[in-house]
file query21.cif (mmCIF, C-alpha atoms)
data_input
loop_
_atom_site.label_atom_id
_atom_site.label_comp_id
_atom_site.auth_asym_id
_atom_site.auth_seq_id
_atom_site.Cartn_x
_atom_site.Cartn_y
_atom_site.Cartn_z
CA MET A 29 10.47 0.42 -55.56
CA LEU A 30 10.99 2.96 -52.77
CA THR A 31 14.04 5.14 -53.03
CA LEU A 32 15.32 7.70 -50.56
CA TYR A 33 18.29 8.49 -52.80
CA ARG A 34 18.62 12.09 -53.93
CA PRO A 35 21.10 12.55 -56.79
CA GLY A 36 23.95 14.95 -56.05
CA ASN A 37 27.68 15.47 -56.33
CA GLY A 38 28.72 16.48 -52.81
CA PRO A 39 31.36 14.79 -50.64
CA TRP A 40 28.89 12.32 -49.16
CA HIS A 41 27.71 11.37 -52.66
CA ARG A 42 31.27 10.88 -53.89
CA MET A 43 32.48 8.86 -50.89
CA PRO A 44 32.59 5.09 -51.55
CA ALA A 45 29.50 3.45 -50.09
CA GLY A 46 31.43 1.06 -47.84
CA SER A 47 33.55 3.82 -46.27
CA LYS A 48 30.51 6.02 -45.88
CA ALA A 49 28.57 3.25 -44.13
CA ALA A 50 31.53 2.68 -41.78
CA VAL A 51 31.92 6.40 -40.96
CA LEU A 52 28.22 6.84 -40.30
CA LEU A 53 28.11 3.65 -38.21
CA VAL A 54 30.92 5.01 -36.02
CA LEU A 55 29.10 8.33 -35.61
CA VAL A 56 25.82 6.61 -34.74
CA LEU A 57 27.59 4.42 -32.17
CA ALA A 58 29.42 7.44 -30.69
CA VAL A 59 26.20 9.39 -30.34
CA SER A 60 24.47 6.37 -28.80
CA LEU A 61 27.21 5.55 -26.28
CA LEU A 62 27.80 9.04 -24.84
CA PRO A 63 26.59 9.48 -21.23
CA THR A 64 23.07 10.72 -20.61
CA ALA A 65 23.72 14.39 -19.89
CA TRP A 66 22.82 17.74 -21.47
CA PRO A 67 26.14 18.06 -23.38
CA THR A 68 25.38 14.78 -25.15
CA ALA A 69 22.22 16.23 -26.65
CA ALA A 70 24.18 19.24 -27.89
CA ILE A 71 26.98 17.07 -29.31
CA ALA A 72 24.53 14.69 -31.06
CA ALA A 73 22.61 17.59 -32.59
CA ALA A 74 25.84 19.29 -33.64
CA VAL A 75 27.28 16.15 -35.27
CA CYS A 76 24.04 15.60 -37.13
CA ALA A 77 23.85 19.22 -38.28
CA VAL A 78 27.49 19.32 -39.40
CA CYS A 79 27.06 16.10 -41.40
CA HIS A 80 24.06 17.61 -43.15
CA LEU A 81 25.75 20.98 -43.74
CA VAL A 82 28.12 19.30 -46.19
CA PRO A 83 27.42 20.49 -49.77
CA GLY A 84 24.99 18.26 -51.64
CA VAL A 85 22.76 17.53 -48.64
CA GLY A 86 21.71 20.59 -46.61
CA LEU A 87 19.73 21.34 -43.48
CA ARG A 88 16.50 21.12 -45.45
CA GLU A 89 17.09 17.37 -45.85
CA LEU A 90 17.70 17.15 -42.09
CA ALA A 91 14.48 19.07 -41.42
CA ARG A 92 12.60 16.71 -43.76
CA GLN A 93 13.93 13.69 -41.89
CA VAL A 94 13.11 15.18 -38.47
CA TRP A 95 9.60 16.06 -39.63
CA SER A 96 9.04 12.51 -40.83
CA LEU A 97 9.97 11.35 -37.30
CA ARG A 98 7.60 13.75 -35.53
CA TRP A 99 5.34 11.07 -34.03
CA LEU A 100 8.32 9.05 -32.89
CA VAL A 101 9.67 12.21 -31.24
CA VAL A 102 6.39 12.72 -29.40
CA VAL A 103 6.47 9.18 -28.01
CA ALA A 104 10.23 9.07 -27.38
CA PHE A 105 10.12 12.34 -25.46
CA GLY A 106 6.70 12.17 -23.83
CA ILE A 107 6.87 8.85 -21.98
CA PRO A 108 10.45 9.11 -20.59
CA CYS A 109 9.69 12.71 -19.60
CA ILE A 110 7.07 11.42 -17.17
CA PHE A 111 9.23 8.67 -15.65
CA LEU A 112 12.87 9.83 -16.10
CA GLY A 113 12.72 13.59 -16.23
CA VAL A 114 13.29 16.23 -18.88
CA GLU A 115 17.05 15.78 -19.22
CA ALA A 116 16.95 12.01 -19.89
CA ALA A 117 13.97 12.37 -22.21
CA THR A 118 15.60 15.16 -24.21
CA VAL A 119 18.97 13.39 -24.52
CA GLY A 120 17.32 10.10 -25.47
CA THR A 121 15.11 11.74 -28.08
CA VAL A 122 17.95 13.74 -29.64
CA ARG A 123 20.06 10.58 -29.77
CA ILE A 124 17.32 8.64 -31.58
CA VAL A 125 16.66 11.44 -34.07
CA ALA A 126 20.38 11.93 -34.72
CA ALA A 127 20.94 8.20 -35.25
CA VAL A 128 18.05 7.91 -37.69
CA ALA A 129 19.06 11.10 -39.53
CA LEU A 130 22.67 9.89 -39.85
CA ALA A 131 21.48 6.52 -41.14
CA GLY A 132 19.18 8.42 -43.51
CA LEU A 133 22.23 10.25 -44.81
CA LEU A 134 23.53 6.93 -46.12
CA ALA A 135 20.26 6.17 -47.89
CA SER A 136 19.81 9.67 -49.32
CA THR A 137 23.34 9.95 -50.76
CA THR A 138 23.90 6.36 -51.96
CA PRO A 139 22.23 4.68 -54.95
CA VAL A 140 20.47 1.42 -54.10
CA THR A 141 22.86 -0.48 -56.38
CA ALA A 142 25.80 0.68 -54.24
CA LEU A 143 23.88 -0.16 -51.05
CA LEU A 144 23.26 -3.61 -52.49
CA ASP A 145 27.00 -4.04 -53.12
CA VAL A 146 27.80 -2.93 -49.56
CA ALA A 147 25.17 -5.24 -48.06
CA GLU A 148 26.55 -8.10 -50.15
CA ARG A 149 30.10 -7.43 -48.94
CA ALA A 150 28.99 -6.97 -45.34
CA LEU A 151 27.09 -10.25 -45.38
CA GLY A 152 29.99 -12.02 -47.12
CA PRO A 153 31.51 -13.51 -43.93
CA LEU A 154 28.19 -15.25 -43.23
CA ARG A 155 28.91 -17.54 -46.19
CA VAL A 156 30.75 -19.84 -43.78
CA ILE A 157 27.43 -20.62 -42.09
CA GLY A 158 25.68 -21.13 -45.41
CA VAL A 159 24.19 -17.66 -45.99
CA ASP A 160 24.08 -16.66 -49.66
CA ALA A 161 25.16 -13.02 -49.29
CA ALA A 162 24.09 -11.95 -52.79
CA ARG A 163 20.66 -13.46 -52.33
CA ALA A 164 20.20 -12.02 -48.83
CA ALA A 165 21.19 -8.53 -50.01
CA LEU A 166 18.85 -8.80 -52.99
CA LEU A 167 16.07 -9.92 -50.68
CA LEU A 168 16.39 -6.66 -48.74
CA VAL A 169 16.19 -4.61 -51.93
CA VAL A 170 13.28 -6.56 -53.39
CA ALA A 171 11.39 -6.33 -50.08
CA LEU A 172 11.71 -2.53 -50.22
CA GLY A 173 10.57 -2.60 -53.83
CA THR A 174 7.34 -4.41 -53.14
CA VAL A 175 6.02 -1.73 -50.75
CA PRO A 176 4.66 0.72 -53.38
CA THR A 177 3.46 -2.17 -55.56
CA LEU A 178 1.47 -3.71 -52.72
CA ALA A 179 0.08 -0.27 -51.85
CA ARG A 180 -1.07 0.12 -55.46
CA LEU A 181 -2.64 -3.35 -55.48
CA ALA A 182 -4.46 -2.57 -52.21
CA GLY A 183 -5.77 0.64 -53.79
CA GLU A 184 -7.02 -1.29 -56.82
CA VAL A 185 -8.81 -3.85 -54.63
CA ARG A 186 -10.44 -1.09 -52.56
CA ALA A 187 -11.57 0.70 -55.74
CA ALA A 188 -13.07 -2.55 -57.08
CA GLN A 189 -14.81 -3.07 -53.71
CA ARG A 190 -16.32 0.41 -53.80
CA ALA A 191 -17.44 -0.04 -57.43
CA ARG A 192 -19.35 -3.18 -56.45
CA GLY A 193 -20.63 -1.84 -53.14
CA ALA A 194 -18.77 -4.51 -51.14
CA ARG A 195 -17.37 -3.91 -47.65
CA GLY A 196 -15.45 -5.79 -45.01
CA ILE A 197 -11.99 -7.09 -44.36
CA ARG A 198 -12.63 -10.52 -45.89
CA VAL A 199 -13.73 -9.21 -49.29
CA PHE A 200 -10.59 -7.07 -49.23
CA ALA A 201 -8.12 -9.64 -47.89
CA VAL A 202 -8.85 -12.53 -50.28
CA PRO A 203 -8.41 -10.69 -53.61
CA PHE A 204 -5.50 -8.70 -52.19
CA LEU A 205 -3.74 -11.89 -51.13
CA VAL A 206 -4.35 -13.45 -54.56
CA LEU A 207 -2.93 -10.37 -56.33
CA ALA A 208 0.05 -10.23 -53.97
CA LEU A 209 0.87 -13.89 -54.58
CA ARG A 210 0.54 -13.42 -58.33
CA HIS A 211 2.87 -10.43 -58.12
CA ALA A 212 5.35 -12.60 -56.19
CA ASP A 213 5.19 -15.21 -58.97
CA ASP A 214 5.72 -12.55 -61.65
CA LEU A 215 8.60 -11.05 -59.71
CA GLY A 216 10.22 -14.46 -59.41
CA ASP A 217 9.98 -14.89 -63.18
CA ALA A 218 11.37 -11.39 -63.75
CA LEU A 219 14.34 -12.10 -61.48
CA THR A 220 15.02 -15.38 -63.25
CA ALA A 221 14.72 -13.67 -66.61
CA ARG A 222 17.37 -11.18 -65.54
CA GLY A 223 19.88 -13.77 -64.50
CA VAL A 224 19.05 -14.24 -60.81
CA ARG A 225 18.56 -17.84 -59.68
CA MET B 12 21.67 -26.82 -89.78
CA THR B 13 20.91 -25.79 -86.20
CA SER B 14 17.41 -24.48 -85.79
CA ALA B 15 16.90 -21.48 -83.53
CA LEU B 16 14.04 -23.36 -82.01
CA ARG B 17 13.45 -27.08 -81.94
CA LEU B 18 10.77 -28.79 -79.87
CA ALA B 19 10.38 -32.54 -80.14
CA ASP B 20 7.19 -34.14 -78.79
CA VAL B 21 7.00 -31.56 -75.99
CA SER B 22 4.23 -31.73 -73.42
CA VAL B 23 3.70 -29.60 -70.34
CA ARG B 24 1.31 -30.55 -67.58
CA LEU B 25 0.48 -27.92 -64.95
CA GLY B 26 -1.51 -29.44 -62.11
CA ASP B 27 -4.19 -31.55 -63.77
CA VAL B 28 -4.13 -29.64 -67.04
CA ASP B 29 -2.20 -30.62 -70.17
CA VAL B 30 -1.21 -27.14 -71.31
CA LEU B 31 1.00 -28.32 -74.18
CA ARG B 32 0.44 -31.67 -75.86
CA GLY B 33 3.02 -33.27 -78.12
CA VAL B 34 4.33 -30.09 -79.69
CA ASP B 35 6.81 -30.53 -82.55
CA LEU B 36 8.47 -27.46 -84.01
CA ALA B 37 11.66 -26.71 -85.90
CA LEU B 38 12.04 -23.06 -86.85
CA ASP B 39 14.96 -20.93 -87.89
CA ALA B 40 13.43 -17.53 -88.60
CA ARG B 41 14.69 -14.21 -87.22
CA SER B 42 11.28 -13.28 -85.85
CA ILE B 43 8.61 -15.77 -84.83
CA ALA B 44 5.12 -14.79 -83.70
CA VAL B 45 3.00 -17.12 -81.61
CA VAL B 46 -0.73 -16.48 -81.87
CA GLY B 47 -3.79 -18.28 -80.56
CA ASP B 48 -6.78 -17.96 -78.28
CA ASN B 49 -6.52 -17.52 -74.52
CA GLY B 50 -5.55 -20.82 -72.92
CA SER B 51 -4.12 -22.26 -76.13
CA GLY B 52 -0.65 -22.67 -74.58
CA LYS B 53 1.12 -19.65 -76.06
CA SER B 54 2.52 -18.25 -72.83
CA THR B 55 3.55 -21.71 -71.64
CA LEU B 56 5.44 -22.11 -74.91
CA ALA B 57 7.17 -18.77 -74.32
CA ARG B 58 8.10 -19.71 -70.74
CA LEU B 59 9.43 -23.03 -72.00
CA ILE B 60 11.61 -21.34 -74.62
CA GLY B 61 12.78 -18.79 -72.06
CA GLY B 62 13.82 -21.56 -69.67
CA LEU B 63 11.35 -20.55 -66.95
CA ILE B 64 9.67 -23.96 -66.93
CA ARG B 65 10.67 -27.46 -67.96
CA PRO B 66 8.73 -29.80 -70.19
CA THR B 67 6.92 -32.71 -68.59
CA GLN B 68 7.90 -34.71 -71.64
CA GLY B 69 9.98 -34.16 -74.76
CA ARG B 70 13.03 -32.10 -75.62
CA VAL B 71 13.46 -28.35 -76.11
CA GLU B 72 16.43 -26.92 -77.97
CA VAL B 73 16.94 -23.18 -78.20
CA LEU B 74 19.81 -21.65 -80.17
CA GLY B 75 21.30 -25.14 -80.39
CA LEU B 76 21.32 -25.54 -76.59
CA ASP B 77 19.35 -28.11 -74.64
CA ALA B 78 16.95 -26.07 -72.49
CA GLU B 79 17.39 -28.46 -69.55
CA LYS B 80 21.03 -29.53 -69.69
CA ASP B 81 22.39 -26.15 -70.82
CA ALA B 82 19.93 -24.03 -68.84
CA ALA B 83 22.58 -21.71 -67.37
CA ALA B 84 24.22 -21.05 -70.75
CA LEU B 85 20.83 -20.50 -72.33
CA ARG B 86 19.78 -17.95 -69.72
CA ARG B 87 22.82 -15.86 -70.58
CA ARG B 88 21.76 -15.74 -74.24
CA VAL B 89 18.02 -15.31 -73.85
CA ALA B 90 16.16 -12.27 -72.49
CA ILE B 91 12.50 -12.33 -71.58
CA VAL B 92 9.96 -9.51 -71.58
CA PHE B 93 6.56 -9.97 -69.94
CA SER B 94 3.24 -8.21 -70.42
CA ASN B 95 3.04 -6.57 -67.00
CA PRO B 96 5.85 -4.01 -66.77
CA ASP B 97 5.24 -3.39 -63.05
CA ALA B 98 6.35 -6.92 -62.21
CA GLN B 99 9.61 -6.47 -64.12
CA ILE B 100 10.93 -3.45 -62.25
CA ILE B 101 13.40 -4.53 -59.58
CA MET B 102 15.45 -1.44 -58.77
CA PRO B 103 14.27 2.04 -57.72
CA THR B 104 15.52 4.24 -60.53
CA VAL B 105 15.46 3.78 -64.28
CA ALA B 106 19.25 3.58 -64.72
CA GLU B 107 19.68 1.25 -61.75
CA ASP B 108 16.98 -1.05 -63.04
CA VAL B 109 18.72 -1.35 -66.41
CA ALA B 110 22.07 -1.90 -64.68
CA PHE B 111 20.52 -4.67 -62.59
CA SER B 112 20.27 -6.81 -65.74
CA LEU B 113 24.07 -6.84 -65.92
CA ARG B 114 24.62 -7.55 -62.23
CA ALA B 115 24.99 -11.30 -62.66
CA ASP B 116 27.72 -10.74 -65.30
CA ARG B 117 30.00 -8.96 -62.77
CA LEU B 118 31.28 -6.56 -65.43
CA PRO B 119 33.84 -3.82 -64.68
CA ARG B 120 31.97 -0.68 -63.62
CA ALA B 121 33.11 1.38 -66.64
CA GLU B 122 31.87 -1.24 -69.10
CA ARG B 123 28.60 -1.68 -67.23
CA ASP B 124 27.97 2.07 -67.10
CA ALA B 125 28.76 2.44 -70.81
CA ARG B 126 26.36 -0.33 -71.79
CA VAL B 127 23.62 1.08 -69.55
CA ALA B 128 24.10 4.56 -71.01
CA ALA B 129 23.96 3.22 -74.58
CA ALA B 130 20.81 1.21 -73.85
CA LEU B 131 19.09 4.17 -72.18
CA GLU B 132 19.96 6.30 -75.20
CA ARG B 133 18.64 3.70 -77.63
CA PHE B 134 15.28 3.48 -75.86
CA ALA B 135 15.05 7.27 -75.33
CA LEU B 136 15.14 6.78 -71.56
CA ALA B 137 18.35 8.75 -70.92
CA PRO B 138 16.49 11.89 -69.74
CA LEU B 139 14.64 9.70 -67.21
CA ALA B 140 17.74 7.87 -65.92
CA ASP B 141 17.45 9.12 -62.32
CA ARG B 142 13.65 9.07 -62.16
CA PRO B 143 11.95 6.57 -59.82
CA ALA B 144 10.93 3.71 -62.11
CA TYR B 145 7.54 3.19 -60.50
CA GLU B 146 6.56 6.76 -61.41
CA LEU B 147 6.85 6.08 -65.16
CA SER B 148 3.81 5.68 -67.42
CA GLY B 149 2.83 2.20 -68.60
CA GLY B 150 4.50 2.73 -71.98
CA GLN B 151 7.68 4.04 -70.39
CA LYS B 152 7.75 1.09 -67.98
CA GLN B 153 7.51 -1.37 -70.86
CA LEU B 154 10.28 0.52 -72.66
CA LEU B 155 12.31 0.14 -69.47
CA ALA B 156 11.59 -3.60 -69.44
CA LEU B 157 12.80 -3.83 -73.05
CA CYS B 158 15.85 -1.73 -72.22
CA GLY B 159 16.64 -4.09 -69.32
CA ALA B 160 16.34 -7.04 -71.69
CA PHE B 161 18.36 -5.59 -74.58
CA VAL B 162 21.20 -4.25 -72.41
CA ARG B 163 22.25 -7.88 -71.95
CA GLU B 164 22.79 -8.07 -75.73
CA PRO B 165 20.81 -11.30 -75.97
CA ASP B 166 20.82 -13.59 -78.98
CA LEU B 167 17.12 -14.26 -78.49
CA VAL B 168 14.38 -12.09 -77.01
CA VAL B 169 11.24 -13.88 -75.85
CA ALA B 170 8.37 -11.43 -75.39
CA ASP B 171 5.10 -12.60 -73.82
CA GLU B 172 2.32 -10.22 -74.85
CA PRO B 173 4.58 -7.17 -74.62
CA THR B 174 1.95 -4.75 -75.92
CA ALA B 175 -1.00 -6.09 -73.91
CA PHE B 176 -1.30 -3.14 -71.52
CA LEU B 177 -0.35 -0.39 -73.95
CA ASP B 178 -2.17 2.18 -76.07
CA GLY B 179 -1.76 2.16 -79.86
CA ARG B 180 1.14 4.62 -79.95
CA ASN B 181 3.16 2.80 -77.29
CA ALA B 182 2.31 -0.61 -78.77
CA HIS B 183 3.69 0.61 -82.11
CA LEU B 184 6.86 1.91 -80.43
CA ILE B 185 7.47 -1.34 -78.54
CA SER B 186 6.82 -3.37 -81.70
CA ALA B 187 9.33 -1.27 -83.64
CA HIS B 188 12.02 -1.92 -81.02
CA LEU B 189 11.29 -5.65 -80.93
CA LEU B 190 11.36 -6.00 -84.70
CA ALA B 191 14.39 -3.76 -85.25
CA ASP B 192 17.31 -5.68 -86.69
CA SER B 193 19.87 -5.40 -83.91
CA GLY B 194 21.31 -8.87 -84.21
CA HIS B 195 18.78 -10.63 -82.02
CA ARG B 196 16.16 -13.23 -82.82
CA LEU B 197 12.64 -12.73 -81.55
CA VAL B 198 9.87 -14.99 -80.33
CA VAL B 199 6.81 -12.91 -79.53
CA VAL B 200 3.58 -14.25 -78.08
CA THR B 201 0.88 -11.77 -78.90
CA HIS B 202 -2.77 -10.99 -79.51
CA ASP B 203 -1.59 -7.92 -81.44
CA LEU B 204 -2.15 -9.23 -84.96
CA ASP B 205 -0.45 -6.21 -86.52
CA LEU B 206 2.75 -7.06 -84.65
CA ALA B 207 2.37 -10.78 -85.39
CA ALA B 208 1.90 -10.18 -89.12
CA ARG B 209 5.16 -8.20 -89.28
CA CYS B 210 7.19 -11.21 -88.09
CA ASP B 211 8.85 -13.62 -90.53
CA VAL B 212 7.05 -16.73 -89.36
CA ALA B 213 4.01 -17.35 -87.18
CA VAL B 214 2.85 -20.32 -85.16
CA ARG B 215 -0.83 -20.68 -84.36
CA MET B 216 -1.56 -22.58 -81.15
CA HIS B 217 -4.88 -24.26 -80.47
CA GLU B 218 -5.76 -26.29 -77.38
CA GLY B 219 -2.13 -26.97 -76.49
CA LYS B 220 -1.08 -28.06 -79.98
CA VAL B 221 0.47 -26.39 -82.99
CA ALA B 222 -2.40 -25.77 -85.37
CA ARG B 223 -0.45 -24.08 -88.15
CA VAL B 224 3.04 -22.83 -88.97
CA GLY B 225 4.00 -20.66 -91.92
CA PRO B 226 4.64 -17.16 -93.22
CA ALA B 227 3.29 -14.75 -90.62
CA PRO B 228 0.75 -12.89 -92.80
CA GLU B 229 -0.89 -16.16 -93.86
CA VAL B 230 -1.04 -17.69 -90.38
CA VAL B 231 -2.28 -14.46 -88.83
CA ALA B 232 -4.99 -14.14 -91.47
CA ALA B 233 -6.06 -17.74 -90.83
CA HIS B 234 -6.14 -17.08 -87.09
CA ALA B 235 -8.26 -13.95 -87.56
CA ALA B 236 -10.60 -15.84 -89.89
CA SER B 237 -11.05 -18.58 -87.27
CA TRP B 238 -12.82 -16.25 -84.86
CA ARG B 239 -14.66 -14.16 -87.43
CA CYS B 240 -16.77 -17.04 -88.73
#

call {"tool": "encode", "arguments": {"input": "query21.cif", "output": "structure tokens"}}
result
Amino acid sequence: MLTLYRPGNGPWHRMPAGSKAAVLLVLVLAVSLLPTAWPTAAIAAAVCAVCHLVPGVGLRELARQVWSLRWLVVVAFGIPCIFLGVEAATVGTVRIVAAVALAGLLASTTPVTALLDVAERALGPLRVIGVDAARAALLLVVALGTVPTLARLAGEVRAAQRARGARGIRVFAVPFLVLALRHADDLGDALTARGVR
Amino acid sequence: MTSALRLADVSVRLGDVDVLRGVDLALDARSIAVVGDNGSGKSTLARLIGGLIRPTQGRVEVLGLDAEKDAAALRRRVAIVFSNPDAQIIMPTVAEDVAFSLRADRLPRAERDARVAAALERFALAPLADRPAYELSGGQKQLLALCGAFVREPDLVVADEPTAFLDGRNAHLISAHLLADSGHRLVVVTHDLDLAARCDVAVRMHEGKVARVGPAPEVVAAHAASWRC
């Protein structure tokens, strides 16, 4: 299971997950809806920096997030720079980075269990059209959880391929698919065993 | 008297294969081992008792509850542990994964946190509470799976080859937790004859049928003798 959560005891960590999600959503929307002008880039960067300067998070976490977005930054800045000019490209890129970093703040300061509760509450109104909110929220969490497992299974299949001197996408895809489906079966049993139907 | 486990003429057909054929059992021991060769129907029996599958024919009663009619009530009283710990981890961190087992019960947060803390302490996982679960060793992952099962305070624990992927030290540790008298009954499917012999009663499965039932040391010895000759 992937987790971006970093344990801490700062204000962001202590804030209830629902309120935190609402505050960050408002900030992301504000940053996104400001006009495309140089001051917007400064405001977006400042909001993002201030949010990360709160004890328990830090600018290092912001730097880590920005670094993980480096290729997105290259694309988001490079292409608009050619067609729209430096100002639009800069403002657009800063907006994107700020929005992702602010959203990342939610993930890095909120345990997945709390995120699951928030997702369940947020999806609650969809019950009227037949959506099972608990199941939909769990689906999101389980989907995240399968990423490292599938990566490990892929590694095992590749190692087995190398050991037997086999190559090619087909000799990889078939056993990988079989293992992935078996994992899905096992996961279904595990969920049932833990009270999820 | 209500037997912990009662199977009457139970058969299970999966695809074209009769995995269990006319199984009759009535057992009331605290710990029951199920032994047998690969493909003898042991795991299917465990999944049947755990309520994961339904019989094609016959009736299954667990803890006095009909496994089909009272399935929801039974699931609240039975916890299941599988052999592959990786497939049992749902949540990202150790503590969250244990807490996930209580999610369906909708307990008050304080009670849930207290039970999770006690379970982590019992299984010596408290120092790892905030660690990503997928980073644990195989033995630690299986301990986590047990912790997630026991935090529900089940009346019956069904364990399907719980020591299969473990080294001797971890297998011993897991066995000790399973066999500890903490108010639960145990049904353990295993190839680990040391673990099986320490149970009260053993069932030997052969080609989808019950071949022998009796005191665990005797049944286990008979099973071992069957593949030595």

call {"tool": "closest_residue", "arguments": {"input": "query21.cif", "among": "B:Thr67, B:Gln99, B:Ser51, B:Ser94", "to": "chain A", "atoms": "only C-alpha atoms"}}
result
B:Gln99

call {"tool": "interface_residues", "arguments": {"input": "query21.cif", "of": "chain A", "to": "chain B", "cutoff": "8 Å", "atoms": "all atoms listed in the file", "output": "JSON, numbers by chain"}}
result
{"A": [29, 30, 31, 35, 140, 141, 169, 170, 173, 177, 211, 214, 215, 217, 218, 219, 220, 221, 222, 223, 224]}

call {"tool": "resolve_selection", "arguments": {"input": "query21.cif", "expression": "the PyMOL selection byres ((chain B and resi 234) around 10)", "output": "PyMOL selection string"}}
result
chain B and resi 46-48+204+214-217+222-223+228-233+235-239

call {"tool": "resolve_selection", "arguments": {"input": "query21.cif", "expression": "the PyMOL selection byres ((chain B and resi 206) around 10)", "output": "NGL selection string"}}
result
:B and (44 or 174 or 182-183 or 185-187 or 189-190 or 199-205 or 207-210 or 227 or 231)

call {"tool": "residues_around", "arguments": {"input": "query21.cif", "residues": "Ala49 of chain A", "least_positions_apart": "4", "cutoff": "10 Å", "atoms": "all atoms listed in the file", "output": "ChimeraX atom specification"}}
result
/A:43-45,53-55,130-131,133-135,138,143,146-147

call {"tool": "write_last_selection", "arguments": {"input": "query21.cif", "atoms": "C-alpha atoms", "output": "CSV table (one decimal), in the frame of the given file"}}
result
chain,number,residue,atom,x,y,z
A,43,MET,CA,32.5,8.9,-50.9
A,44,PRO,CA,32.6,5.1,-51.6
A,45,ALA,CA,29.5,3.4,-50.1
A,53,LEU,CA,28.1,3.6,-38.2
A,54,VAL,CA,30.9,5.0,-36.0
A,55,LEU,CA,29.1,8.3,-35.6
A,130,LEU,CA,22.7,9.9,-39.8
A,131,ALA,CA,21.5,6.5,-41.1
A,133,LEU,CA,22.2,10.2,-44.8
A,134,LEU,CA,23.5,6.9,-46.1
A,135,ALA,CA,20.3,6.2,-47.9
A,138,THR,CA,23.9,6.4,-52.0
A,143,LEU,CA,23.9,-0.2,-51.0
A,146,VAL,CA,27.8,-2.9,-49.6
A,147,ALA,CA,25.2,-5.2,-48.1
